[in-house]
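Okay, structure first, notes after.
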Amino acid sequence: MTAVRSVAAGMNGQIKMLSIKNLHASVGDREILRGVNLEVPIGQVHAIMGPNGSGKSTLSYVLAGRDGYDITEGSIVFGGEEIVETPAEERAAKGIFLAFQYPLEIPGVATMTFLKAAMNAQRKARGEAELTTPDFMRRVKVAAEKLNVTQEMLRRPLNVGFSGGEKKRNEILQMALLEPKLAILDETDSGLDIDALKTVSDGVNALRAPDRSMLVITHYQRLLDHIVPDVVHVMAAGRIVRSGGPELALELEANGYADYVGAAAA
Amino acid sequence: MNAEPRILNTPAEVTLAEAFSASRGHLPGDAAVAAARTVAFDAFQKKGLPHRRTEAWRYTDLRVLLRSVPPAPPAAPASIASADLLPGLDRARLVIVDGAYRPELSDLSGLDGVEVTNLATLLDKGDERVGALAGRLDDAMVALNTAMMAGGVAIRVPAGLDVTRAVEIAHVTSGAYSVFARNLISVGAGVSLRIVETFTGLDAVASVANIVTEAVIDDGAKVTWAKLQAEGKAAVHLSTTAVSIGGESQFDHLTLMTGAAISRSQSFVTYGGEFARAGLFGATMIGGKQHADIMLGVDHAVPNGASRELFKAVMDGKADGIFQGRIVVRPGAQKVDGKMMTQGLLLSEDASFSVKPELEIFADDVQCAHGATSGEIDEDMLFYLLSRGLPRAEAETLLVTAFLAEAIEGLGDEAIGEAFEQVARDWLAGRKTLS
């Protein structure tokens, strides 16, 4: 708990992008999040590491507003606003973006149609004018080139027939176009080879900004060699059990999660 | 006690018998046609209206569903005013109002070399094409059509002609009438042809349409055929398409069902030559208390035929969607490749989807498969779209459209596909949030 306190102290005076307090979430009778406390200041990148089954992905879904979880206790304050009751689509328009661990294949929906629908839906929800087609095309072209997303991929139905790497690049493309305030990256490194990992990480790093926060969820330390976090949190059995600097990731890589699994069970 | 084996006629059957007696004297046709009408009506009377024990009609019991039969349309041609359901789709138009071909309402430009004849004229002269395919079907409603057919259109495309402009056969019902129409389509060898069939009527008008189309597609021809059933909400729609496809021909057919209170669309495809390929697709979109039944019969009579079937149906409200698909592979029809898939999407707990795939295989070196799924909107896909900021209604519309699009795009005709997808989007736009 010392580490948590010291990090929290270091944040004094900083504006919080995300503030989670005592968050409990269940699916049916099973409680998965058991009192998560987490604060992410504006402009920082925080990593959440933890063993399988610790609740990392559940946390990402709950933050994005997925149906099917009972939030039994606690609060999620995003940009100064309580969002526990806010539907997923409204959270997206407010600036929360989740890069999926397993991006969905959606046959019959062209990638470009989807991108335009998403961008304009968010703009509309914020009271902004819809993008003109040339403006939209220009933005996609610029972002796609950086991420090595080909025109051919953009013509295909959303994620259909994409390799694992292509799907993840497509997630980061969406993130670049939607310009979220808080990007949650759920196991973005899973299924990536070294080259794809570098492309994706470069894409994410290019989106680091003083007014944007990121929550990078990962099982392995290797992603954090590329996307260097400001703070690393360890999650076990539905709670954040330790927080520290980037060196904490290296310690976990060396020692594994055995200590935390044991501690959580105790 | 006296056993009484005969089932009493329903009021609809009684009315039909009266209608046949009253109209047989002035229906078009020479002596042979008149004789064929009598034989056909006897066959109909013997069977009666199809009911739940008629295996091919088991989910569409017309003894129950067809409560009454409206009168024949008036002799004087009715005027029509109907909105274009397929704006943006360039096509020639052959307009058939209440079962009668109306050249003055039609647009034949772009059909140079194509022969278009009023069916009534053909019947008066006698034409061996009439009944050549429909006569082989053992179906009471087809027999009734043969007895009562009043008009329609015959199209002949000579061999080798490439007709680039799509041809619409537009069936319009102008009031609460019983309509019996017959169309003939003869496609010569090597022809390329795109057909759009539309069926429209007025809302709140209880019309009954029974329309039969016979098509012979010769060797090496390529025919793309899209059917749009968008009848008025109180209508009964019964249509049958019997097609024979020649060697090395390609036949792609799409049935989109969205109108009518009660509808049944039957397609029977027979392989007349080897190495023919058929793509058979369906997209049903119904709600309220609509009942829409698609019956498909694929007859691999010769070896080396390929067929692919993909039928999708979206049911809302208390609607009943039905698909019966039957693939027959005859003895000796080796190397046949037939794959049939049916998928239902239920948007309401009160909607239902009934599927009856049948494979009858009498050859031993064939590949045949069928599959069927039924479910609700995929929650994972929905969340993915919501998480990108799409409002729920828009996300659901996108997913339902995409679900149907796979079948619509299977037709492989971009212009027709786009026009039909717009019909799907319009149908979805007419709804509120689905869940």
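By convention here, the chains of the structure tokens are called A, B, ... in the order presented, each chain's residues are numbered starting at 1, and ligands are numbered starting at 1 in the order presented.
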> Could you name the residues that touch A:Ala236 at 9 Å or less, counting only C-alpha atoms, but leaving out those on the same chain fewer than 4 positions away, as a PyMOL selection string?
Replying inline: chain A and resi 49-56+240-241+257+260-261+263-264
>> as a PyMOL selection string, please: every residue in stretch 256-426 of chain B that a backbone DSSP assignment puts in alpha helix (DSSP H).
In response: chain B and resi 379-386+392-410+414-426
Hey, can you spit out that residue selection with N, CA and C atoms as a short mmCIF file (atom, residue, chain, number, x, y, z; two decimals), in the first residue's frame?
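New file out.cif:
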data_model
loop_
_atom_site.label_atom_id
_atom_site.label_comp_id
_atom_site.auth_asym_id
_atom_site.auth_seq_id
_atom_site.Cartn_x
_atom_site.Cartn_y
_atom_site.Cartn_z
N GLU B 379 -24.40 -9.59 -29.33
CA GLU B 379 -24.11 -8.58 -28.31
C GLU B 379 -22.67 -8.07 -28.40
N ASP B 380 -21.75 -8.95 -28.77
CA ASP B 380 -20.35 -8.53 -28.87
C ASP B 380 -20.17 -7.51 -29.99
N MET B 381 -20.77 -7.83 -31.14
CA MET B 381 -20.67 -6.90 -32.27
C MET B 381 -21.34 -5.58 -31.93
N LEU B 382 -22.49 -5.67 -31.27
CA LEU B 382 -23.22 -4.45 -30.91
C LEU B 382 -22.37 -3.57 -30.00
N PHE B 383 -21.74 -4.20 -29.00
CA PHE B 383 -20.91 -3.42 -28.07
C PHE B 383 -19.73 -2.79 -28.79
N TYR B 384 -19.15 -3.52 -29.73
CA TYR B 384 -18.01 -2.97 -30.48
C TYR B 384 -18.43 -1.66 -31.17
N LEU B 385 -19.60 -1.67 -31.79
CA LEU B 385 -20.06 -0.46 -32.48
C LEU B 385 -20.43 0.65 -31.49
N LEU B 386 -21.10 0.27 -30.39
CA LEU B 386 -21.47 1.27 -29.38
C LEU B 386 -20.22 1.93 -28.80
N ARG B 392 -27.30 3.42 -30.41
CA ARG B 392 -27.79 2.04 -30.44
C ARG B 392 -28.62 1.74 -31.70
N ALA B 393 -29.56 2.63 -32.03
CA ALA B 393 -30.43 2.37 -33.19
C ALA B 393 -29.59 2.27 -34.47
N GLU B 394 -28.60 3.15 -34.58
CA GLU B 394 -27.77 3.14 -35.79
C GLU B 394 -26.90 1.88 -35.83
N ALA B 395 -26.39 1.49 -34.66
CA ALA B 395 -25.55 0.29 -34.60
C ALA B 395 -26.37 -0.95 -34.97
N GLU B 396 -27.60 -1.01 -34.44
CA GLU B 396 -28.46 -2.16 -34.75
C GLU B 396 -28.82 -2.19 -36.23
N THR B 397 -29.14 -1.02 -36.77
CA THR B 397 -29.46 -0.94 -38.20
C THR B 397 -28.28 -1.41 -39.04
N LEU B 398 -27.09 -0.98 -38.65
CA LEU B 398 -25.90 -1.37 -39.39
C LEU B 398 -25.71 -2.88 -39.36
N LEU B 399 -25.93 -3.49 -38.19
CA LEU B 399 -25.73 -4.94 -38.07
C LEU B 399 -26.80 -5.72 -38.83
N VAL B 400 -28.05 -5.25 -38.75
CA VAL B 400 -29.11 -5.97 -39.46
C VAL B 400 -28.93 -5.83 -40.96
N THR B 401 -28.57 -4.62 -41.40
CA THR B 401 -28.32 -4.41 -42.82
C THR B 401 -27.18 -5.31 -43.29
N ALA B 402 -26.14 -5.39 -42.46
CA ALA B 402 -24.98 -6.21 -42.82
C ALA B 402 -25.37 -7.69 -42.90
N PHE B 403 -26.23 -8.09 -41.96
CA PHE B 403 -26.72 -9.48 -41.95
C PHE B 403 -27.41 -9.80 -43.28
N LEU B 404 -28.29 -8.89 -43.71
CA LEU B 404 -29.02 -9.12 -44.95
C LEU B 404 -28.13 -8.93 -46.17
N ALA B 405 -27.15 -8.02 -46.03
CA ALA B 405 -26.33 -7.66 -47.19
C ALA B 405 -25.58 -8.86 -47.75
N GLU B 406 -25.19 -9.77 -46.89
CA GLU B 406 -24.43 -10.92 -47.38
C GLU B 406 -25.25 -11.69 -48.42
N ALA B 407 -26.56 -11.81 -48.16
CA ALA B 407 -27.42 -12.50 -49.12
C ALA B 407 -27.68 -11.63 -50.35
N ILE B 408 -27.91 -10.33 -50.10
CA ILE B 408 -28.22 -9.43 -51.23
C ILE B 408 -27.01 -9.31 -52.15
N GLU B 409 -25.83 -9.21 -51.55
CA GLU B 409 -24.63 -9.06 -52.37
C GLU B 409 -24.23 -10.36 -53.06
N GLY B 410 -24.76 -11.48 -52.53
CA GLY B 410 -24.49 -12.77 -53.17
C GLY B 410 -24.93 -12.80 -54.62
N GLU B 414 -23.93 -5.20 -58.61
CA GLU B 414 -23.74 -4.05 -57.73
C GLU B 414 -24.93 -3.10 -57.75
N ALA B 415 -25.42 -2.78 -58.95
CA ALA B 415 -26.50 -1.78 -59.05
C ALA B 415 -27.79 -2.31 -58.42
N ILE B 416 -28.14 -3.54 -58.74
CA ILE B 416 -29.36 -4.12 -58.16
C ILE B 416 -29.17 -4.31 -56.66
N GLY B 417 -28.00 -4.77 -56.27
CA GLY B 417 -27.71 -4.98 -54.85
C GLY B 417 -27.85 -3.70 -54.06
N GLU B 418 -27.32 -2.61 -54.59
CA GLU B 418 -27.40 -1.33 -53.89
C GLU B 418 -28.87 -0.90 -53.75
N ALA B 419 -29.65 -1.07 -54.82
CA ALA B 419 -31.07 -0.68 -54.76
C ALA B 419 -31.83 -1.53 -53.74
N PHE B 420 -31.51 -2.82 -53.67
CA PHE B 420 -32.20 -3.70 -52.73
C PHE B 420 -31.74 -3.43 -51.29
N GLU B 421 -30.45 -3.09 -51.12
CA GLU B 421 -29.99 -2.76 -49.77
C GLU B 421 -30.66 -1.49 -49.27
N GLN B 422 -30.96 -0.58 -50.21
CA GLN B 422 -31.67 0.63 -49.79
C GLN B 422 -33.08 0.27 -49.30
N VAL B 423 -33.71 -0.71 -49.94
CA VAL B 423 -35.02 -1.17 -49.47
C VAL B 423 -34.89 -1.70 -48.04
N ALA B 424 -33.81 -2.42 -47.79
CA ALA B 424 -33.57 -2.95 -46.43
C ALA B 424 -33.35 -1.82 -45.44
N ARG B 425 -32.54 -0.84 -45.83
CA ARG B 425 -32.29 0.29 -44.92
C ARG B 425 -33.58 1.06 -44.65
N ASP B 426 -34.40 1.23 -45.69
CA ASP B 426 -35.68 1.95 -45.50
C ASP B 426 -36.58 1.19 -44.54
#
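Straight-line separation from atom CA of A:Gly65 to atom CA of A:Leu177: 20.5 Å.
The gap separating atom CA of B:Ser178 from atom CA of B:Val196 is 22.8 Å, in Å to one decimal.
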> Just asking: which residues within stretch 158-207 of chain A are strand (DSSP E) according to DSSP, as a ChimeraX atom specification?
Replying inline: /A:158,182-186
What does the file look like for those residues with all heavy atoms, as a PDB file, in the first residue's frame?
ATOM      1  N   LEU A 158     -15.306  -4.702 -42.090  1.00  0.00           N
ATOM      2  CA  LEU A 158     -14.582  -4.403 -40.860  1.00  0.00           C
ATOM      3  C   LEU A 158     -13.939  -5.649 -40.230  1.00  0.00           C
ATOM      4  O   LEU A 158     -14.636  -6.564 -39.796  1.00  0.00           O
ATOM      5  CB  LEU A 158     -15.551  -3.750 -39.870  1.00  0.00           C
ATOM      6  CG  LEU A 158     -14.979  -3.239 -38.565  1.00  0.00           C
ATOM      7  CD1 LEU A 158     -13.842  -2.267 -38.805  1.00  0.00           C
ATOM      8  CD2 LEU A 158     -16.080  -2.583 -37.747  1.00  0.00           C
ATOM      9  N   LEU A 182      -9.287   9.518 -23.267  1.00  0.00           N
ATOM     10  CA  LEU A 182      -8.753   8.375 -22.528  1.00  0.00           C
ATOM     11  C   LEU A 182      -8.795   7.150 -23.432  1.00  0.00           C
ATOM     12  O   LEU A 182      -9.865   6.727 -23.856  1.00  0.00           O
ATOM     13  CB  LEU A 182      -9.591   8.099 -21.270  1.00  0.00           C
ATOM     14  CG  LEU A 182      -9.226   6.806 -20.504  1.00  0.00           C
ATOM     15  CD1 LEU A 182      -7.841   6.910 -19.865  1.00  0.00           C
ATOM     16  CD2 LEU A 182     -10.278   6.495 -19.442  1.00  0.00           C
ATOM     17  N   ALA A 183      -7.621   6.608 -23.715  1.00  0.00           N
ATOM     18  CA  ALA A 183      -7.559   5.396 -24.530  1.00  0.00           C
ATOM     19  C   ALA A 183      -7.212   4.227 -23.617  1.00  0.00           C
ATOM     20  O   ALA A 183      -6.250   4.290 -22.847  1.00  0.00           O
ATOM     21  CB  ALA A 183      -6.508   5.545 -25.615  1.00  0.00           C
ATOM     22  N   ILE A 184      -8.054   3.190 -23.682  1.00  0.00           N
ATOM     23  CA  ILE A 184      -7.791   1.977 -22.899  1.00  0.00           C
ATOM     24  C   ILE A 184      -7.329   0.923 -23.897  1.00  0.00           C
ATOM     25  O   ILE A 184      -8.062   0.593 -24.835  1.00  0.00           O
ATOM     26  CB  ILE A 184      -9.067   1.506 -22.177  1.00  0.00           C
ATOM     27  CG1 ILE A 184      -9.626   2.635 -21.304  1.00  0.00           C
ATOM     28  CG2 ILE A 184      -8.794   0.249 -21.356  1.00  0.00           C
ATOM     29  CD1 ILE A 184     -11.097   2.475 -20.967  1.00  0.00           C
ATOM     30  N   LEU A 185      -6.132   0.415 -23.720  1.00  0.00           N
ATOM     31  CA  LEU A 185      -5.593  -0.579 -24.657  1.00  0.00           C
ATOM     32  C   LEU A 185      -5.578  -1.926 -23.948  1.00  0.00           C
ATOM     33  O   LEU A 185      -4.778  -2.149 -23.045  1.00  0.00           O
ATOM     34  CB  LEU A 185      -4.181  -0.177 -25.082  1.00  0.00           C
ATOM     35  CG  LEU A 185      -4.141   1.165 -25.832  1.00  0.00           C
ATOM     36  CD1 LEU A 185      -3.058   2.076 -25.298  1.00  0.00           C
ATOM     37  CD2 LEU A 185      -3.967   0.948 -27.305  1.00  0.00           C
ATOM     38  N   ASP A 186      -6.487  -2.812 -24.366  1.00  0.00           N
ATOM     39  CA  ASP A 186      -6.631  -4.098 -23.694  1.00  0.00           C
ATOM     40  C   ASP A 186      -5.795  -5.152 -24.408  1.00  0.00           C
ATOM     41  O   ASP A 186      -6.149  -5.596 -25.499  1.00  0.00           O
ATOM     42  CB  ASP A 186      -8.127  -4.500 -23.681  1.00  0.00           C
ATOM     43  CG  ASP A 186      -8.373  -5.756 -22.846  1.00  0.00           C
ATOM     44  OD1 ASP A 186      -7.430  -6.216 -22.163  1.00  0.00           O
ATOM     45  OD2 ASP A 186      -9.501  -6.274 -22.891  1.00  0.00           O
TER      46      ASP A 186
END
Kindly provide the residues of chain A that approach chain B to within 10 Å, each paired with its closest atom pair and their distance in Å to one decimal, based on only C-alpha atoms, listed by chain and increasing number, as CSV.
residue,atom,partner,partner_atom,distance
A:Tyr61,CA,B:Ser387,CA,9.5
A:Ala64,CA,B:Ser387,CA,6.5
A:Gly65,CA,B:Ser387,CA,7.7
A:Arg66,CA,B:Phe383,CA,6.5
A:Asp67,CA,B:Phe383,CA,8.0
A:Gly68,CA,B:Glu379,CA,9.9
A:Pro87,CA,B:Leu386,CA,8.6
A:Ala88,CA,B:Ser387,CA,5.5
A:Glu89,CA,B:Gly389,CA,4.1
A:Glu90,CA,B:Gly389,CA,6.5
A:Arg91,CA,B:Gly389,CA,7.5
A:Ala92,CA,B:Gly389,CA,4.8
A:Ala93,CA,B:Gly389,CA,5.5
A:Lys94,CA,B:Gly389,CA,9.0
A:Gly95,CA,B:Gly389,CA,9.2
A:Ile96,CA,B:Ser387,CA,8.3
A:Phe97,CA,B:Ser387,CA,7.0
A:Leu98,CA,B:Ser387,CA,7.0
A:Ala99,CA,B:Ser387,CA,9.4
A:Phe100,CA,B:Tyr384,CA,8.3
A:Pro103,CA,B:Tyr384,CA,7.8
A:Leu104,CA,B:Met381,CA,6.2
A:Glu105,CA,B:Met381,CA,7.8
A:Ile106,CA,B:Met381,CA,6.9
A:Pro107,CA,B:Ala402,CA,6.5
A:Gly108,CA,B:Ala402,CA,4.1
A:Val109,CA,B:Ala402,CA,5.7
A:Ala110,CA,B:Ala402,CA,9.1
A:Thr113,CA,B:Leu398,CA,9.7
A:Phe114,CA,B:Leu385,CA,8.4
A:Leu115,CA,B:Arg388,CA,8.8
A:Ala117,CA,B:Leu390,CA,6.9
A:Ala118,CA,B:Leu390,CA,5.5
A:Met119,CA,B:Gly389,CA,7.8
A:Asn120,CA,B:Leu390,CA,8.6
A:Ala121,CA,B:Leu390,CA,5.5
A:Gln122,CA,B:Gly389,CA,5.5
A:Arg123,CA,B:Gly389,CA,9.3
A:Lys124,CA,B:Gly389,CA,9.9
A:Ala125,CA,B:Gly389,CA,8.5
A:Pro157,CA,B:Ala402,CA,9.6
A:Gln174,CA,B:Arg388,CA,8.4
A:Met175,CA,B:Arg388,CA,9.2
A:Leu178,CA,B:Arg388,CA,8.2
> If you count only C-alpha atoms, which residues fall within 10 Å of stretch 21-25 of chain A, apart from same-chain ones fewer than 2 positions away, as a ChimeraX atom specification?
Replying inline: /A:18-19,27-28,30-39,55,58-59,62,68-77,84,238-239
Writing out the chosen residues with N, CA, C and O atoms as a tab-separated table (two decimals), in the first residue's frame:
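Okay, this is what ended up in part.tsv:
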chain	number	residue	atom	x	y	z
A	18	LEU	N	-9.17	10.33	-15.03
A	18	LEU	CA	-10.00	9.21	-14.59
A	18	LEU	C	-9.76	8.97	-13.11
A	18	LEU	O	-8.61	8.96	-12.65
A	19	SER	N	-10.85	8.80	-12.40
A	19	SER	CA	-10.74	8.54	-10.97
A	19	SER	C	-11.74	7.45	-10.60
A	19	SER	O	-12.94	7.65	-10.66
A	27	VAL	N	-20.55	-10.33	-12.42
A	27	VAL	CA	-21.32	-10.95	-13.49
A	27	VAL	C	-22.09	-12.08	-12.82
A	27	VAL	O	-21.50	-13.01	-12.30
A	28	GLY	N	-23.40	-11.95	-12.80
A	28	GLY	CA	-24.21	-12.93	-12.07
A	28	GLY	C	-23.81	-12.89	-10.59
A	28	GLY	O	-23.77	-11.83	-9.98
A	30	ARG	N	-20.90	-13.79	-9.48
A	30	ARG	CA	-19.45	-13.77	-9.34
A	30	ARG	C	-18.94	-12.33	-9.32
A	30	ARG	O	-19.13	-11.58	-10.28
A	31	GLU	N	-18.30	-11.95	-8.22
A	31	GLU	CA	-17.72	-10.61	-8.13
A	31	GLU	C	-16.33	-10.65	-8.76
A	31	GLU	O	-15.47	-11.43	-8.37
A	32	ILE	N	-16.12	-9.80	-9.78
A	32	ILE	CA	-14.84	-9.81	-10.48
A	32	ILE	C	-13.98	-8.62	-10.07
A	32	ILE	O	-12.80	-8.77	-9.79
A	33	LEU	N	-14.57	-7.45	-10.01
A	33	LEU	CA	-13.85	-6.29	-9.49
A	33	LEU	C	-14.25	-6.13	-8.03
A	33	LEU	O	-15.44	-6.04	-7.71
A	34	ARG	N	-13.24	-6.09	-7.14
A	34	ARG	CA	-13.54	-6.12	-5.70
A	34	ARG	C	-12.97	-4.90	-4.98
A	34	ARG	O	-12.21	-5.03	-4.04
A	35	GLY	N	-13.30	-3.74	-5.53
A	35	GLY	CA	-12.84	-2.53	-4.87
A	35	GLY	C	-11.63	-1.94	-5.55
A	35	GLY	O	-10.57	-1.78	-4.92
A	36	VAL	N	-11.76	-1.61	-6.82
A	36	VAL	CA	-10.65	-1.02	-7.57
A	36	VAL	C	-10.55	0.47	-7.24
A	36	VAL	O	-11.55	1.19	-7.27
A	37	ASN	N	-9.34	0.91	-6.91
A	37	ASN	CA	-9.05	2.33	-6.75
A	37	ASN	C	-7.95	2.68	-7.74
A	37	ASN	O	-6.92	2.02	-7.78
A	38	LEU	N	-8.19	3.71	-8.55
A	38	LEU	CA	-7.21	4.06	-9.59
A	38	LEU	C	-7.42	5.51	-10.01
A	38	LEU	O	-8.56	5.94	-10.20
A	39	GLU	N	-6.30	6.22	-10.12
A	39	GLU	CA	-6.40	7.59	-10.61
A	39	GLU	C	-5.41	7.78	-11.74
A	39	GLU	O	-4.24	7.41	-11.62
A	55	GLY	N	-8.98	-9.65	-13.50
A	55	GLY	CA	-10.04	-8.67	-13.69
A	55	GLY	C	-9.65	-7.52	-14.60
A	55	GLY	O	-10.38	-6.54	-14.73
A	58	THR	N	-12.08	-7.17	-17.55
A	58	THR	CA	-13.37	-6.72	-17.01
A	58	THR	C	-13.33	-5.23	-16.72
A	58	THR	O	-14.25	-4.49	-17.05
A	59	LEU	N	-12.21	-4.78	-16.13
A	59	LEU	CA	-12.08	-3.35	-15.84
A	59	LEU	C	-12.20	-2.53	-17.13
A	59	LEU	O	-12.89	-1.52	-17.17
A	62	VAL	N	-15.83	-2.55	-18.23
A	62	VAL	CA	-16.67	-1.74	-17.33
A	62	VAL	C	-16.43	-0.25	-17.59
A	62	VAL	O	-17.36	0.54	-17.62
A	68	GLY	N	-24.08	-6.01	-19.04
A	68	GLY	CA	-23.87	-7.36	-18.52
A	68	GLY	C	-23.07	-7.39	-17.23
A	68	GLY	O	-22.87	-8.45	-16.66
A	69	TYR	N	-22.61	-6.22	-16.77
A	69	TYR	CA	-21.89	-6.17	-15.49
A	69	TYR	C	-22.75	-5.41	-14.49
A	69	TYR	O	-23.30	-4.36	-14.82
A	70	ASP	N	-22.87	-5.94	-13.29
A	70	ASP	CA	-23.56	-5.20	-12.24
A	70	ASP	C	-22.53	-4.41	-11.45
A	70	ASP	O	-21.63	-5.00	-10.84
A	71	ILE	N	-22.66	-3.11	-11.49
A	71	ILE	CA	-21.77	-2.27	-10.68
A	71	ILE	C	-22.46	-2.15	-9.32
A	71	ILE	O	-23.47	-1.47	-9.19
A	72	THR	N	-21.93	-2.86	-8.34
A	72	THR	CA	-22.63	-2.94	-7.05
A	72	THR	C	-22.19	-1.84	-6.09
A	72	THR	O	-22.88	-1.53	-5.13
A	73	GLU	N	-21.02	-1.26	-6.35
A	73	GLU	CA	-20.50	-0.27	-5.42
A	73	GLU	C	-19.44	0.55	-6.13
A	73	GLU	O	-18.79	0.06	-7.05
A	74	GLY	N	-19.23	1.78	-5.68
A	74	GLY	CA	-18.11	2.57	-6.16
A	74	GLY	C	-18.47	3.54	-7.26
A	74	GLY	O	-19.63	3.64	-7.67
A	75	SER	N	-17.45	4.26	-7.72
A	75	SER	CA	-17.71	5.28	-8.73
A	75	SER	C	-16.60	5.33	-9.77
A	75	SER	O	-15.46	4.91	-9.52
A	76	ILE	N	-16.98	5.81	-10.95
A	76	ILE	CA	-16.02	6.07	-12.02
A	76	ILE	C	-16.24	7.52	-12.43
A	76	ILE	O	-17.31	7.86	-12.95
A	77	VAL	N	-15.26	8.34	-12.15
A	77	VAL	CA	-15.38	9.75	-12.55
A	77	VAL	C	-14.42	9.99	-13.70
A	77	VAL	O	-13.22	9.75	-13.60
A	84	VAL	N	-20.88	6.02	-14.23
A	84	VAL	CA	-21.31	4.64	-14.01
A	84	VAL	C	-22.61	4.33	-14.74
A	84	VAL	O	-22.78	3.23	-15.29
A	238	GLY	N	-9.07	-8.74	-8.60
A	238	GLY	CA	-10.07	-7.68	-8.66
A	238	GLY	C	-9.72	-6.40	-7.95
A	238	GLY	O	-10.60	-5.57	-7.71
A	239	ARG	N	-8.43	-6.23	-7.59
A	239	ARG	CA	-8.01	-4.98	-6.94
A	239	ARG	C	-6.67	-4.55	-7.50
A	239	ARG	O	-5.89	-5.37	-7.98
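In this comparison, which uses only C-alpha atoms, the residue of A:Val149, A:Ala237, A:Ala206, A:Leu252 approaching A:Lys167 most closely is A:Val149.
Distances from A:His46, A:Ile15, A:Phe78, A:Glu152 to A:His233 were compared using only C-alpha atoms, and the smallest one belongs to A:His46.
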Using only C-alpha atoms, which residues sit within 9 Å of B:Gly287 once same-chain residues fewer than 4 positions away are excluded, as a compact mmCIF listing (two decimals) with N, CA and C atoms, in the first residue's frame?
# COMPACT_ATOMS: atom_id res chain seq x y z
N THR B 258 -40.72 -8.48 -48.17
CA THR B 258 -40.97 -7.53 -47.09
C THR B 258 -42.42 -7.11 -46.97
N HIS B 291 -46.52 -12.94 -42.29
CA HIS B 291 -46.16 -14.35 -42.48
C HIS B 291 -45.50 -14.43 -43.85
N VAL B 314 -35.10 -11.64 -41.29
CA VAL B 314 -35.18 -10.82 -40.08
C VAL B 314 -36.65 -10.70 -39.70
N MET B 315 -36.97 -11.13 -38.49
CA MET B 315 -38.35 -11.12 -38.03
C MET B 315 -38.50 -10.22 -36.81
N ASP B 316 -39.47 -9.31 -36.88
CA ASP B 316 -39.75 -8.44 -35.74
C ASP B 316 -41.20 -8.69 -35.31
N GLY B 317 -41.61 -8.06 -34.24
CA GLY B 317 -43.00 -8.14 -33.79
C GLY B 317 -43.42 -9.58 -33.56
N LYS B 318 -44.56 -9.96 -34.15
CA LYS B 318 -45.04 -11.33 -34.02
C LYS B 318 -44.94 -12.06 -35.35
N ALA B 319 -44.01 -11.62 -36.18
CA ALA B 319 -43.92 -12.15 -37.54
C ALA B 319 -43.42 -13.60 -37.55
N ASP B 320 -43.88 -14.31 -38.57
CA ASP B 320 -43.44 -15.69 -38.80
C ASP B 320 -42.65 -15.75 -40.10
N ALA B 351 -41.45 -13.16 -32.25
CA ALA B 351 -41.28 -13.53 -33.65
C ALA B 351 -40.82 -14.99 -33.73
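Rounded to one decimal, atom CA of B:Ala292 and atom CA of B:Ala78 lie 27.8 Å from each other.
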Show me, as a short mmCIF file (atom, residue, chain, number, x, y, z; two decimals) with C-alpha atoms, in the first residue's frame, the residues that have an atom within 8 Å of stretch 296-308 of chain B when counting only C-alpha atoms, minus same-chain residues fewer than 4 positions from it.
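Output below, filename selection-v2.cif:
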data_model
loop_
_atom_site.label_atom_id
_atom_site.label_comp_id
_atom_site.auth_asym_id
_atom_site.auth_seq_id
_atom_site.Cartn_x
_atom_site.Cartn_y
_atom_site.Cartn_z
CA GLN B 266 -41.67 -20.61 -54.49
CA SER B 267 -38.64 -21.09 -56.72
CA PHE B 268 -37.98 -24.35 -58.51
CA VAL B 269 -34.70 -24.69 -60.35
CA THR B 270 -33.98 -27.66 -62.59
CA TYR B 271 -30.58 -28.35 -64.09
CA GLY B 272 -31.04 -29.11 -67.79
CA GLY B 273 -27.36 -29.34 -68.68
CA GLU B 274 -24.03 -30.05 -67.01
CA PHE B 275 -21.66 -27.54 -65.44
CA ALA B 276 -24.42 -25.05 -64.71
CA ARG B 277 -24.09 -22.91 -61.61
CA ALA B 278 -26.90 -21.42 -59.57
CA GLY B 279 -26.66 -18.94 -56.72
CA LEU B 280 -29.94 -18.72 -54.85
CA PHE B 323 -37.82 -21.28 -45.22
CA GLN B 324 -38.15 -24.66 -46.84
CA GLY B 325 -35.29 -25.70 -49.04
CA ARG B 326 -35.11 -28.95 -50.89
CA ILE B 327 -32.10 -30.12 -52.87
CA VAL B 328 -32.56 -33.27 -54.91
CA VAL B 329 -29.61 -35.03 -56.52
CA ARG B 330 -30.93 -37.58 -59.01
CA PRO B 331 -29.37 -40.98 -59.62
CA GLY B 332 -26.30 -40.54 -61.78
CA ALA B 333 -26.01 -36.82 -61.10
CA GLN B 334 -22.42 -37.22 -59.88
CA LYS B 335 -20.04 -34.44 -58.86
CA VAL B 336 -22.87 -32.20 -57.79
CA ASP B 337 -21.88 -29.50 -55.31
CA GLY B 338 -24.75 -28.09 -53.29
CA LYS B 339 -24.49 -25.94 -50.18
CA MET B 340 -27.46 -24.46 -48.42
#
>> Applying 12 Å and only C-alpha atoms, which residues near A:Ile194 remain after dropping the ones on its own chain fewer than 6 positions away? List them as a ChimeraX atom specification.
In response: /A:165,200-201,222-223,225-226
>> Which residues are close to B:Arg52, i.e. within 10 Å by only C-alpha atoms, leaving aside same-chain residues fewer than 3 positions away? Reply as a PyMOL selection string.
In response: chain B and resi 55-64
